[in-house]
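Chemist: File structure07.pdb below, PDB, C-alpha atoms:
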```pdb
ATOM      1  CA  MET A   1      83.334  95.436 113.479
ATOM      2  CA  ASP A   2      84.317  95.905 109.851
ATOM      3  CA  GLU A   3      81.409  94.364 107.947
ATOM      4  CA  PHE A   4      77.795  93.713 108.929
ATOM      5  CA  ARG A   5      75.346  91.786 106.744
ATOM      6  CA  LEU A   6      71.774  90.896 107.678
ATOM      7  CA  SER A   7      70.353  88.067 105.567
ATOM      8  CA  ARG A   8      66.947  86.451 105.285
ATOM      9  CA  GLY A   9      66.136  82.961 104.059
ATOM     10  CA  ILE A  10      69.665  81.542 104.052
ATOM     11  CA  ALA A  11      72.267  80.259 106.517
ATOM     12  CA  ARG A  12      75.553  81.947 105.596
ATOM     13  CA  TYR A  13      77.724  79.837 107.901
ATOM     14  CA  SER A  14      76.604  76.551 109.434
ATOM     15  CA  GLY A  15      79.934  75.115 110.562
ATOM     16  CA  ASN A  16      83.608  75.914 110.808
ATOM     17  CA  PHE A  17      84.672  78.599 108.369
ATOM     18  CA  THR A  18      87.539  80.913 107.513
ATOM     19  CA  PRO A  19      86.573  84.576 107.990
ATOM     20  CA  PRO A  20      86.467  86.392 104.649
ATOM     21  CA  THR A  21      89.253  88.848 103.825
ATOM     22  CA  THR A  22      87.272  90.811 101.232
ATOM     23  CA  ALA A  23      84.186  92.990 101.564
ATOM     24  CA  PHE A  24      80.797  91.295 101.631
ATOM     25  CA  THR A  25      78.675  91.676  98.500
ATOM     26  CA  SER A  26      74.923  92.011  98.229
ATOM     27  CA  ASP A  27      72.713  89.253  96.818
ATOM     28  CA  GLN A  28      69.000  88.417  96.813
ATOM     29  CA  TYR A  29      69.165  87.302 100.476
ATOM     30  CA  THR A  30      70.901  90.455 101.769
ATOM     31  CA  LYS A  31      68.527  92.779 103.610
ATOM     32  CA  MET A  32      71.154  95.125 105.083
ATOM     33  CA  LEU A  33      74.842  95.468 104.272
ATOM     34  CA  LEU A  34      77.101  97.869 106.137
ATOM     35  CA  HIS A  35      80.777  98.442 105.356
ATOM     36  CA  MET A  36      82.331 100.318 108.263
ATOM     37  CA  ASP A  37      84.877 102.006 106.016
ATOM     38  CA  GLY A  38      83.662 105.608 106.158
ATOM     39  CA  ALA A  39      85.533 108.644 107.411
ATOM     40  CA  ASP A  40      87.078 108.383 110.862
ATOM     41  CA  SER A  41      84.724 109.753 113.527
ATOM     42  CA  GLY A  42      81.821 109.351 111.073
ATOM     43  CA  THR A  43      78.469 108.835 112.765
ATOM     44  CA  THR A  44      76.439 107.458 109.852
ATOM     45  CA  PHE A  45      76.720 104.255 107.845
ATOM     46  CA  THR A  46      75.418 103.570 104.324
ATOM     47  CA  ASP A  47      73.378 100.452 103.643
ATOM     48  CA  SER A  48      74.892  98.902 100.505
ATOM     49  CA  SER A  49      72.279  96.181 100.043
ATOM     50  CA  SER A  50      70.505  95.954  96.709
ATOM     51  CA  THR A  51      67.072  95.447  98.305
ATOM     52  CA  GLY A  52      64.517  98.064  99.249
ATOM     53  CA  GLY A  53      64.950 100.295  96.215
ATOM     54  CA  GLY A  54      68.332 101.803  96.954
ATOM     55  CA  ARG A  55      70.904 102.854  99.490
ATOM     56  CA  HIS A  56      69.832 104.068 102.909
ATOM     57  CA  THR A  57      71.761 105.989 105.543
ATOM     58  CA  ILE A  58      71.835 104.390 108.989
ATOM     59  CA  THR A  59      72.235 106.776 111.936
ATOM     60  CA  PRO A  60      72.869 104.855 115.167
ATOM     61  CA  GLU A  61      71.830 106.181 118.551
ATOM     62  CA  GLY A  62      74.202 106.717 121.428
ATOM     63  CA  ASN A  63      77.953 107.173 121.370
ATOM     64  CA  VAL A  64      78.739 105.398 118.073
ATOM     65  CA  ALA A  65      81.463 106.474 115.658
ATOM     66  CA  ASN A  66      83.562 104.945 112.904
ATOM     67  CA  THR A  67      87.152 104.621 114.081
ATOM     68  CA  ARG A  68      90.165 102.796 112.735
ATOM     69  CA  ALA A  69      91.746 100.186 114.994
ATOM     70  CA  GLU A  70      95.487 100.419 115.491
ATOM     71  CA  LYS A  71      97.358  97.409 114.130
TER      72      LYS A  71
END
```
In structure tokens, what does this structure look like?

Modeler:
Amino acid sequence: MDEFRLSRGIARYSGNFTPPTTAFTSDQYTKMLLHMDGADSGTTFTDSSSTGGGRHTITPEGNVANTRAEK
């Protein structure tokens, strides 16, 4: 997973669509926005949403790490 956005009050995709090729951006409907582009083997993710008064660090439980897929 490269991008994760949690939205409230809006349907982002309601039919066929072309997956975006650029990073998601925050708007008034974005409640959480994670870009999985941190350091390899990183175990925290930064919430880049503009809601909630600022950026928050997300620390998942279990065996989770940021890794780069081989192309």

Chemist: Kindly give the distance, in Å, that separates atom CA of Gln28 of chain A and atom CA of Glu61 of chain A, rounded to a single decimal.

Modeler: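 Separation between atom CA of Gln28 of chain A and atom CA of Glu61 of chain A: 28.2 Å.
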
Chemist: Please measure the separation of atom CA of Thr59 of chain A and atom CA of Arg8 of chain A, giving the value in Å to one decimal.

Modeler: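 Separation of atom CA of Thr59 of chain A and atom CA of Arg8 of chain A: 22.0 Å.
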
Chemist: Rank nothing, just name the residue among A:Leu6, A:Met1, A:Val64, A:Ile58 nearest to Met32 of chain A, using all atoms listed in the file.

Modeler: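 For Met32 of chain A, the nearest of the given residues is A:Leu6.
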
Chemist: Which neighbours of Thr57 of chain A fall inside 9 Å, counting all atoms listed in the file, when residues of the same chain fewer than 6 positions from it are skipped, and could you give them as an NGL selection string?

Modeler: :A and (44-47)

Chemist: With a distance cut-off of 8 Å and only C-alpha atoms, select the neighbouring residues of Arg5 of chain A, excluding the residue or stretch itself and same-chain residues fewer than 6 positions from it, and output the selection as a list in words.

Modeler: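 Returned residues: Phe24, Thr30, Lys31, Met32, Leu33 and Leu34 of chain A.
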
Chemist: Of the residues A:Ser49, A:Thr22, A:Ser14, A:Thr67, which is the one nearest to Met36 of chain A, using only C-alpha atoms?

Modeler: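 Answer, going by the shortest atom-to-atom distance: A:Thr67.
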
Chemist: In Å, rounded to a single decimal, give me how far atom CA of Asn63 of chain A is from atom CA of Thr51 of chain A.

Modeler: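 Result for atom CA of Thr51 of chain A versus atom CA of Asn63 of chain A: 28.1 Å, one decimal.
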